[in-house]
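For reference, upload-v5.cif is printed below; it contains mmCIF, C-alpha atoms.
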```
data_work
loop_
_atom_site.group_PDB
_atom_site.id
_atom_site.type_symbol
_atom_site.label_atom_id
_atom_site.label_comp_id
_atom_site.auth_asym_id
_atom_site.auth_seq_id
_atom_site.Cartn_x
_atom_site.Cartn_y
_atom_site.Cartn_z
ATOM 1 C CA MET J 458 87.569 79.705 113.835
ATOM 2 C CA ALA J 459 84.965 77.296 112.495
ATOM 3 C CA THR J 460 84.259 73.609 113.016
ATOM 4 C CA VAL J 461 84.256 71.415 109.895
ATOM 5 C CA ASP J 462 84.282 67.663 109.328
ATOM 6 C CA ILE J 463 87.574 65.781 109.171
ATOM 7 C CA PRO J 464 88.448 65.500 105.444
ATOM 8 C CA VAL J 465 87.710 62.292 103.571
ATOM 9 C CA ILE J 466 90.848 61.288 101.684
ATOM 10 C CA ARG J 467 91.079 60.133 98.084
ATOM 11 C CA ASP J 468 92.981 56.995 97.072
ATOM 12 C CA ASN J 469 96.152 59.008 96.329
ATOM 13 C CA GLU J 470 96.001 61.061 99.522
ATOM 14 C CA VAL J 471 96.941 60.800 103.179
ATOM 15 C CA LEU J 472 95.261 62.372 106.190
ATOM 16 C CA ILE J 473 97.619 64.463 108.275
ATOM 17 C CA GLN J 474 97.153 65.609 111.857
ATOM 18 C CA THR J 475 98.676 69.050 111.638
ATOM 19 C CA LYS J 476 101.382 70.070 114.101
ATOM 20 C CA ALA J 477 102.631 73.303 112.502
ATOM 21 C CA ILE J 478 101.590 75.679 109.714
ATOM 22 C CA SER J 479 103.668 78.231 107.823
ATOM 23 C CA VAL J 480 102.073 81.591 106.995
ATOM 24 C CA ASN J 481 103.001 83.284 103.708
ATOM 25 C CA PRO J 482 102.237 86.577 101.941
ATOM 26 C CA ILE J 483 100.087 84.649 99.424
ATOM 27 C CA ASP J 484 97.790 83.721 102.328
ATOM 28 C CA ILE J 485 97.174 87.382 103.084
ATOM 29 C CA LYS J 486 96.743 88.286 99.401
ATOM 30 C CA THR J 487 94.187 85.520 98.924
ATOM 31 C CA ARG J 488 92.310 86.494 102.090
ATOM 32 C CA THR J 489 92.007 90.064 100.801
ATOM 33 C CA GLY J 490 90.666 89.119 97.369
ATOM 34 C CA LYS J 491 93.958 88.937 95.487
ATOM 35 C CA GLY J 492 96.441 86.073 95.103
ATOM 36 C CA LEU J 493 94.538 82.876 94.406
ATOM 37 C CA PHE J 494 91.151 84.252 95.433
ATOM 38 C CA GLU J 495 89.675 84.180 91.918
ATOM 39 C CA LEU J 496 90.670 80.534 91.593
ATOM 40 C CA LEU J 497 89.197 79.590 94.970
ATOM 41 C CA LYS J 498 86.281 81.999 95.442
ATOM 42 C CA ASP J 499 83.658 79.347 94.717
ATOM 43 C CA GLU J 500 85.166 76.855 97.192
ATOM 44 C CA MET J 501 83.101 76.683 100.363
ATOM 45 C CA PRO J 502 84.309 76.774 102.984
ATOM 46 C CA LEU J 503 87.453 78.451 101.650
ATOM 47 C CA ILE J 504 90.248 77.357 103.989
ATOM 48 C CA LEU J 505 93.521 79.219 103.580
ATOM 49 C CA GLY J 506 97.036 77.833 103.780
ATOM 50 C CA TRP J 507 99.310 75.416 101.955
ATOM 51 C CA ASP J 508 102.299 74.728 104.239
ATOM 52 C CA ILE J 509 102.115 71.992 106.847
ATOM 53 C CA SER J 510 104.072 69.578 108.966
ATOM 54 C CA GLY J 511 102.364 66.810 110.868
ATOM 55 C CA VAL J 512 101.708 63.122 111.403
ATOM 56 C CA VAL J 513 100.017 60.774 108.939
ATOM 57 C CA THR J 514 96.925 59.199 110.511
ATOM 58 C CA LYS J 515 95.416 57.458 107.476
ATOM 59 C CA VAL J 516 96.577 56.544 103.962
ATOM 60 C CA GLY J 517 94.597 56.156 100.742
ATOM 61 C CA ALA J 518 94.228 52.834 98.947
ATOM 62 C CA ASP J 519 96.854 53.682 96.303
ATOM 63 C CA VAL J 520 99.480 55.114 98.665
ATOM 64 C CA THR J 521 102.507 52.877 99.210
ATOM 65 C CA SER J 522 105.170 55.468 100.068
ATOM 66 C CA LEU J 523 103.766 56.553 103.448
ATOM 67 C CA ASN J 524 102.293 54.862 106.501
ATOM 68 C CA PRO J 525 100.265 55.933 109.539
ATOM 69 C CA GLY J 526 102.611 57.419 112.116
ATOM 70 C CA ASP J 527 105.011 58.914 109.554
ATOM 71 C CA GLU J 528 106.006 62.522 110.197
ATOM 72 C CA VAL J 529 105.730 64.473 106.956
ATOM 73 C CA PHE J 530 105.889 68.013 105.620
ATOM 74 C CA GLY J 531 105.106 69.789 102.391
ATOM 75 C CA MET J 532 103.305 72.447 100.413
ATOM 76 C CA VAL J 533 99.901 70.975 99.606
ATOM 77 C CA ASN J 534 97.872 71.497 96.410
ATOM 78 C CA PHE J 535 99.557 74.676 95.233
ATOM 79 C CA PRO J 536 98.260 76.346 93.201
ATOM 80 C CA GLY J 537 94.866 75.129 94.355
ATOM 81 C CA HIS J 538 92.899 74.679 97.553
ATOM 82 C CA GLY J 539 95.413 73.593 100.180
ATOM 83 C CA LYS J 540 93.090 73.833 103.201
ATOM 84 C CA ALA J 541 96.112 73.843 105.503
ATOM 85 C CA TYR J 542 94.677 76.059 108.249
ATOM 86 C CA ALA J 543 93.117 73.043 109.934
ATOM 87 C CA GLU J 544 93.734 70.375 112.541
ATOM 88 C CA TYR J 545 93.485 67.673 109.859
ATOM 89 C CA VAL J 546 94.550 68.069 106.233
ATOM 90 C CA ALA J 547 94.061 65.761 103.246
ATOM 91 C CA ALA J 548 97.160 65.872 101.066
ATOM 92 C CA PRO J 549 98.331 64.071 97.924
ATOM 93 C CA ALA J 550 101.115 61.719 98.982
ATOM 94 C CA ASN J 551 103.296 62.943 96.121
ATOM 95 C CA HIS J 552 103.317 66.484 97.529
ATOM 96 C CA LEU J 553 105.041 65.382 100.742
ATOM 97 C CA ALA J 554 108.371 64.274 102.128
ATOM 98 C CA LEU J 555 109.319 62.572 105.362
ATOM 99 C CA LYS J 556 110.311 65.107 108.015
ATOM 100 C CA PRO J 557 113.969 64.728 108.990
ATOM 101 C CA ALA J 558 114.200 63.539 112.577
ATOM 102 C CA ILE J 559 116.725 66.243 113.461
ATOM 103 C CA ILE J 560 114.290 69.120 112.896
ATOM 104 C CA SER J 561 111.062 70.159 114.609
ATOM 105 C CA HIS J 562 107.624 70.336 113.026
ATOM 106 C CA GLN J 563 107.935 74.113 113.210
ATOM 107 C CA GLU J 564 111.182 74.094 111.231
ATOM 108 C CA ALA J 565 109.706 71.631 108.742
ATOM 109 C CA ALA J 566 106.563 73.701 108.160
ATOM 110 C CA ALA J 567 108.780 76.726 107.573
ATOM 111 C CA THR J 568 110.721 74.907 104.862
ATOM 112 C CA THR J 569 107.866 74.545 102.395
ATOM 113 C CA LEU J 570 106.401 77.206 100.048
ATOM 114 C CA ALA J 571 109.192 79.744 100.558
ATOM 115 C CA ALA J 572 111.942 77.117 100.357
ATOM 116 C CA LEU J 573 110.345 75.439 97.326
ATOM 117 C CA THR J 574 110.078 78.826 95.605
ATOM 118 C CA ALA J 575 113.778 79.449 96.128
ATOM 119 C CA TYR J 576 114.765 75.891 95.164
ATOM 120 C CA GLN J 577 112.678 75.696 91.994
ATOM 121 C CA SER J 578 113.780 79.179 90.880
ATOM 122 C CA ILE J 579 117.481 78.583 91.419
ATOM 123 C CA VAL J 580 117.800 74.901 90.521
ATOM 124 C CA HIS J 581 115.132 74.247 87.880
ATOM 125 C CA HIS J 582 114.616 77.621 86.207
ATOM 126 C CA ALA J 583 118.000 79.381 86.429
ATOM 127 C CA LYS J 584 120.068 76.173 86.690
ATOM 128 C CA VAL J 585 122.679 77.920 88.839
ATOM 129 C CA GLU J 586 126.131 76.313 88.754
ATOM 130 C CA LYS J 587 129.283 76.467 90.838
ATOM 131 C CA GLY J 588 131.170 79.727 90.504
ATOM 132 C CA GLN J 589 128.248 81.757 89.172
ATOM 133 C CA ARG J 590 127.320 85.090 90.723
ATOM 134 C CA VAL J 591 123.834 85.280 92.219
ATOM 135 C CA LEU J 592 122.054 88.375 93.551
ATOM 136 C CA ILE J 593 119.280 87.883 96.116
ATOM 137 C CA PRO J 594 117.350 91.087 96.938
ATOM 138 C CA ALA J 595 115.391 90.913 100.216
ATOM 139 C CA ALA J 596 117.777 88.207 101.369
ATOM 140 C CA SER J 597 116.506 88.258 104.961
ATOM 141 C CA GLY J 598 112.911 87.430 103.993
ATOM 142 C CA GLY J 599 111.092 84.120 103.758
ATOM 143 C CA VAL J 600 112.140 83.201 100.217
ATOM 144 C CA GLY J 601 115.364 85.186 100.334
ATOM 145 C CA HIS J 602 116.932 83.519 103.352
ATOM 146 C CA PHE J 603 116.395 80.087 101.796
ATOM 147 C CA ALA J 604 117.668 81.309 98.417
ATOM 148 C CA VAL J 605 120.994 82.430 99.882
ATOM 149 C CA GLN J 606 121.567 79.018 101.444
ATOM 150 C CA ILE J 607 120.491 77.045 98.372
ATOM 151 C CA ALA J 608 122.636 79.098 96.008
ATOM 152 C CA LYS J 609 125.631 78.673 98.340
ATOM 153 C CA SER J 610 125.037 74.910 98.473
ATOM 154 C CA LEU J 611 125.513 74.887 94.695
ATOM 155 C CA GLY J 612 128.837 76.719 94.994
ATOM 156 C CA ALA J 613 127.610 80.127 93.807
ATOM 157 C CA TYR J 614 129.013 83.491 94.878
ATOM 158 C CA VAL J 615 126.028 85.114 96.610
ATOM 159 C CA ILE J 616 125.263 88.796 97.136
ATOM 160 C CA GLY J 617 122.304 89.568 99.374
ATOM 161 C CA THR J 618 120.466 92.813 100.036
ATOM 162 C CA SER J 619 118.550 93.794 103.156
ATOM 163 C CA SER J 620 118.402 96.605 105.661
ATOM 164 C CA GLY J 621 121.617 97.292 107.521
ATOM 165 C CA ALA J 622 119.991 95.916 110.674
ATOM 166 C CA ASN J 623 119.820 92.469 109.061
ATOM 167 C CA ARG J 624 123.324 92.469 107.600
ATOM 168 C CA ASP J 625 124.768 90.013 110.123
ATOM 169 C CA PHE J 626 121.845 87.644 109.586
ATOM 170 C CA VAL J 627 122.315 87.628 105.805
ATOM 171 C CA ILE J 628 126.057 87.033 106.161
ATOM 172 C CA SER J 629 125.380 84.218 108.648
ATOM 173 C CA LEU J 630 123.331 82.476 105.950
ATOM 174 C CA GLY J 631 126.462 82.254 103.816
ATOM 175 C CA ALA J 632 126.221 85.371 101.663
ATOM 176 C CA ASP J 633 129.609 86.506 100.361
ATOM 177 C CA GLU J 634 128.563 90.149 100.183
ATOM 178 C CA HIS J 635 125.821 92.298 101.683
ATOM 179 C CA ILE J 636 124.241 95.478 100.333
ATOM 180 C CA ASP J 637 122.191 97.783 102.553
ATOM 181 C CA HIS J 638 119.217 98.552 100.331
ATOM 182 C CA GLN J 639 118.333 101.563 102.470
ATOM 183 C CA THR J 640 121.526 103.394 101.550
ATOM 184 C CA VAL J 641 122.722 101.821 98.278
ATOM 185 C CA GLN J 642 121.008 100.946 94.999
ATOM 186 C CA PHE J 643 122.362 97.513 94.053
ATOM 187 C CA GLU J 644 122.589 98.423 90.351
ATOM 188 C CA ASN J 645 125.152 101.085 91.263
ATOM 189 C CA VAL J 646 127.585 98.665 92.876
ATOM 190 C CA VAL J 647 126.965 95.234 91.334
ATOM 191 C CA THR J 648 127.877 93.915 87.874
ATOM 192 C CA ASP J 649 128.461 90.667 86.008
ATOM 193 C CA ILE J 650 125.622 88.732 87.694
ATOM 194 C CA ASP J 651 124.514 85.361 86.345
ATOM 195 C CA MET J 652 121.165 85.209 88.149
ATOM 196 C CA VAL J 653 118.879 87.543 90.090
ATOM 197 C CA LEU J 654 116.003 86.105 92.103
ATOM 198 C CA ASP J 655 113.481 88.938 92.054
ATOM 199 C CA THR J 656 111.219 88.576 95.088
ATOM 200 C CA LEU J 657 109.974 92.179 94.993
ATOM 201 C CA GLY J 658 108.630 92.854 91.488
ATOM 202 C CA GLY J 659 107.718 96.327 90.274
ATOM 203 C CA THR J 660 110.689 98.458 89.258
ATOM 204 C CA ASN J 661 113.076 95.973 90.880
ATOM 205 C CA THR J 662 112.803 93.628 87.894
ATOM 206 C CA GLU J 663 113.920 96.335 85.496
ATOM 207 C CA ARG J 664 116.730 97.304 87.885
ATOM 208 C CA ALA J 665 117.873 93.685 87.918
ATOM 209 C CA LEU J 666 118.403 93.750 84.146
ATOM 210 C CA LYS J 667 121.096 96.402 84.642
ATOM 211 C CA VAL J 668 123.357 94.044 86.613
ATOM 212 C CA VAL J 669 122.894 90.747 84.776
ATOM 213 C CA LYS J 670 125.418 89.691 82.138
ATOM 214 C CA LYS J 671 124.382 88.689 78.640
ATOM 215 C CA GLY J 672 123.020 85.146 78.764
ATOM 216 C CA GLY J 673 122.149 85.527 82.448
ATOM 217 C CA THR J 674 118.754 85.096 84.065
ATOM 218 C CA VAL J 675 116.262 87.150 86.068
ATOM 219 C CA VAL J 676 113.576 85.047 87.722
ATOM 220 C CA SER J 677 110.638 87.001 89.138
ATOM 221 C CA ILE J 678 108.335 85.214 91.558
ATOM 222 C CA ILE J 679 105.663 87.939 91.630
ATOM 223 C CA THR J 680 105.035 88.725 87.949
ATOM 224 C CA GLY J 681 107.646 91.453 87.822
ATOM 225 C CA SER J 682 108.460 90.612 84.192
ATOM 226 C CA SER J 683 105.887 92.593 82.225
ATOM 227 C CA ALA J 684 105.770 92.520 78.429
ATOM 228 C CA VAL J 685 107.849 95.719 78.360
ATOM 229 C CA VAL J 686 110.492 94.279 80.698
ATOM 230 C CA ALA J 687 110.531 91.007 78.772
ATOM 231 C CA ASP J 688 111.180 92.891 75.527
ATOM 232 C CA MET J 689 113.985 94.862 77.188
ATOM 233 C CA ALA J 690 115.544 91.628 78.433
ATOM 234 C CA LYS J 691 115.333 90.028 74.991
ATOM 235 C CA GLU J 692 117.134 92.974 73.407
ATOM 236 C CA MET J 693 119.867 92.677 76.055
ATOM 237 C CA GLY J 694 120.242 88.918 75.582
ATOM 238 C CA ILE J 695 118.992 88.190 79.108
ATOM 239 C CA ASN J 696 116.524 85.493 80.138
ATOM 240 C CA CYS J 697 113.748 87.125 82.164
ATOM 241 C CA TYR J 698 110.505 85.500 83.150
ATOM 242 C CA ASN J 699 107.921 84.981 85.881
ATOM 243 C CA VAL J 700 107.642 81.686 87.715
ATOM 244 C CA SER J 701 105.133 80.277 90.162
ATOM 245 C CA VAL J 702 105.966 77.632 92.715
ATOM 246 C CA LYS J 703 104.266 74.255 92.356
ATOM 247 C CA SER J 704 103.756 71.397 94.803
ATOM 248 C CA SER J 705 106.400 68.707 94.327
ATOM 249 C CA GLY J 706 107.203 65.790 96.572
ATOM 250 C CA ASP J 707 110.459 65.209 94.697
ATOM 251 C CA ASP J 708 111.629 68.749 95.424
ATOM 252 C CA MET J 709 110.470 68.413 99.041
ATOM 253 C CA LYS J 710 112.681 65.333 99.344
ATOM 254 C CA GLU J 711 115.643 67.378 98.135
ATOM 255 C CA LEU J 712 114.872 70.029 100.745
ATOM 256 C CA ALA J 713 114.619 67.263 103.356
ATOM 257 C CA ARG J 714 118.073 66.058 102.304
ATOM 258 C CA LEU J 715 119.529 69.554 102.636
ATOM 259 C CA LEU J 716 117.929 69.908 106.064
ATOM 260 C CA SER J 717 119.258 66.523 107.175
ATOM 261 C CA ASP J 718 122.754 67.429 105.982
ATOM 262 C CA GLY J 719 122.658 70.711 107.877
ATOM 263 C CA VAL J 720 123.101 72.665 104.633
ATOM 264 C CA LEU J 721 119.701 74.334 104.936
ATOM 265 C CA LYS J 722 118.087 75.814 108.023
ATOM 266 C CA ALA J 723 114.809 77.669 108.478
ATOM 267 C CA HIS J 724 114.887 80.849 110.502
ATOM 268 C CA ILE J 725 111.671 81.264 112.495
ATOM 269 C CA SER J 726 111.240 84.810 113.717
ATOM 270 C CA LYS J 727 108.034 84.214 115.660
ATOM 271 C CA THR J 728 105.623 81.409 116.525
ATOM 272 C CA PHE J 729 101.910 81.857 117.188
ATOM 273 C CA ALA J 730 99.209 79.546 118.530
ATOM 274 C CA PHE J 731 96.394 78.501 116.184
ATOM 275 C CA ASP J 732 93.941 80.875 117.855
ATOM 276 C CA GLU J 733 96.424 83.716 117.206
ATOM 277 C CA MET J 734 96.191 83.409 113.412
ATOM 278 C CA ILE J 735 95.030 87.016 113.098
ATOM 279 C CA GLU J 736 98.186 88.192 114.850
ATOM 280 C CA ALA J 737 100.290 85.979 112.573
ATOM 281 C CA HIS J 738 98.704 87.599 109.511
ATOM 282 C CA ARG J 739 99.324 91.065 110.928
ATOM 283 C CA GLN J 740 102.991 90.215 111.358
ATOM 284 C CA ILE J 741 103.271 89.185 107.695
ATOM 285 C CA GLU J 742 101.396 92.336 106.656
ATOM 286 C CA SER J 743 104.040 94.439 108.416
ATOM 287 C CA GLY J 744 106.470 93.557 105.611
ATOM 288 C CA ARG J 745 109.279 93.340 108.140
ATOM 289 C CA THR J 746 109.440 89.655 108.909
ATOM 290 C CA VAL J 747 112.893 88.115 109.042
ATOM 291 C CA GLY J 748 112.662 84.507 107.913
ATOM 292 C CA LYS J 749 109.374 82.763 108.610
ATOM 293 C CA ILE J 750 106.218 82.986 110.743
ATOM 294 C CA ILE J 751 104.846 79.707 112.146
ATOM 295 C CA VAL J 752 101.532 78.731 113.729
ATOM 296 C CA THR J 753 101.410 75.648 115.962
ATOM 297 C CA LEU J 754 98.535 73.374 116.853
#
```
Would you mind writing the file out in structure tokens?
Amino acid sequence: MATVDIPVIRDNEVLIQTKAISVNPIDIKTRTGKGLFELLKDEMPLILGWDISGVVTKVGADVTSLNPGDEVFGMVNFPGHGKAYAEYVAAPANHLALKPAIISHQEAAATTLAALTAYQSIVHHAKVEKGQRVLIPAASGGVGHFAVQIAKSLGAYVIGTSSGANRDFVISLGADEHIDHQTVQFENVVTDIDMVLDTLGGTNTERALKVVKKGGTVVSIITGSSAVVADMAKEMGINCYNVSVKSSGDDMKELARLLSDGVLKAHISKTFAFDEMIEAHRQIESGRTVGKIIVTL
């Protein structure tokens, strides 16, 4: 850990005393020279992280939506330099939402990048509607477990894949069907899908095309749609593209509403202290995290 000055906020920003941080795979990728490293490599000091929940301590001159003492959460400055791994974070006010009183800072921090990725993919990009069939591979993961709940909230029929050990968890999220990816290839048992949320990339994107109906959509969140796959999708009459999550206070407010209504719930598999950040990263690197990993301050 290093000591830096408390950030000076701009007129459109607020200063947040951080209570909880969410750790994501993009954090690890960026730390190891991938992810957003090329974008941020000249930023010094480069402070990782984008997901926070905390208390507003100061507001910028142009901010009218928030006040000191407000509890807020959000994904800050993504894609960009979030600087969330810190005791104090400067954040644009329009990247935040008020934290629902019924949830903890840990639960709020968990419901940020991963939840926004699922929400923006399903609601904005695929425009999932009631009665549609949605396939969520890796349904027990950070993005996946939110995606199941969000798709169900829209009235979709949801099929989730995971290991057999996580079957009960995926079903508890609201999934109508479960596929054990260790024993069954989903393209062998699933058909007539309206939307696949591809959280894995690689060959999984091409596999997804085999189960989606004409006019359906495959959304890949990790550039799984290469030029070759995109051409295949076009020939099949399927929408297939890559998306990247973006900071949005409006979308955070929708997530806050779903949390307040009890429709959406973050699953936190493990919580670490701030000085255990290395251990938190190692847990994410294991590739076996169910739900989310949180760091508290």
Practice prompt. List the residues matched by the PyMOL selection byres ((chain J and resi 557-569) around 8) in the displayed structure as a PyMOL selection string, ordered by chain and then by residue number.
Written response: chain J and resi 476-479+508-511+530-532+555-556+570-573+709+712-714+716-717+722-725+749-753
With C-alpha atoms retained, could you export that selection as a compact mmCIF listing (two decimals), in the coordinates of the input?
```
# COMPACT_ATOMS: atom_id res chain seq x y z
CA LYS J 476 101.38 70.07 114.10
CA ALA J 477 102.63 73.30 112.50
CA ILE J 478 101.59 75.68 109.71
CA SER J 479 103.67 78.23 107.82
CA ASP J 508 102.30 74.73 104.24
CA ILE J 509 102.12 71.99 106.85
CA SER J 510 104.07 69.58 108.97
CA GLY J 511 102.36 66.81 110.87
CA PHE J 530 105.89 68.01 105.62
CA GLY J 531 105.11 69.79 102.39
CA MET J 532 103.30 72.45 100.41
CA LEU J 555 109.32 62.57 105.36
CA LYS J 556 110.31 65.11 108.02
CA LEU J 570 106.40 77.21 100.05
CA ALA J 571 109.19 79.74 100.56
CA ALA J 572 111.94 77.12 100.36
CA LEU J 573 110.34 75.44 97.33
CA MET J 709 110.47 68.41 99.04
CA LEU J 712 114.87 70.03 100.74
CA ALA J 713 114.62 67.26 103.36
CA ARG J 714 118.07 66.06 102.30
CA LEU J 716 117.93 69.91 106.06
CA SER J 717 119.26 66.52 107.18
CA LYS J 722 118.09 75.81 108.02
CA ALA J 723 114.81 77.67 108.48
CA HIS J 724 114.89 80.85 110.50
CA ILE J 725 111.67 81.26 112.50
CA LYS J 749 109.37 82.76 108.61
CA ILE J 750 106.22 82.99 110.74
CA ILE J 751 104.85 79.71 112.15
CA VAL J 752 101.53 78.73 113.73
CA THR J 753 101.41 75.65 115.96
```
Item to complete: Using all atoms listed in the file, determine which residues lie at most 9 Å from range 516-518 of chain J, disregarding the query and same-chain residues fewer than 4 positions distant; provide the list as a VMD selection string.
Response: chain J and resid 466 to 472 523 to 525 550
Item to complete: Kindly resolve the PyMOL selection byres ((chain J and resi 589-592) around 6) on the present coordinates and return the residues as a ChimeraX atom specification.
Response: /J:586-588,593,613-617,650-653
Practice prompt. Apply the PyMOL selection byres ((chain J and resi 626) around 12) to the structure shown and report the selected residues as a ChimeraX atom specification.
Written response: /J:595-598,601-602,605-606,617-625,627-632,634-635,724,726,747-748
Worksheet item: Pick from J:Leu754, J:Ser610, J:Ser705, J:Gly492: nearest to Met734 in chain J, with all atoms listed in the file counted?
Response: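 Closest candidate: J:Leu754.
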Item to complete: Please return, as a ChimeraX atom specification, all polymer residues that have at least one atom within 10 Å of the point (88.1, 81.3, 104.3); use only C-alpha atoms and the file's own coordinate frame.
Response: /J:458-459,487-488,494,497-498,500-506,540,542
Worksheet entry | Between CA of Ala665 in chain J and CA of His638 in chain J - distance in Å to one decimal |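 For CA of His638 in chain J relative to CA of Ala665 in chain J, the distance reads 13.4 Å.
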Fill in: Pick from J:Ala737, J:Ala547, J:Asp655, J:His582 nearest to Val600 in chain J, counting only C-alpha atoms
J:Asp655
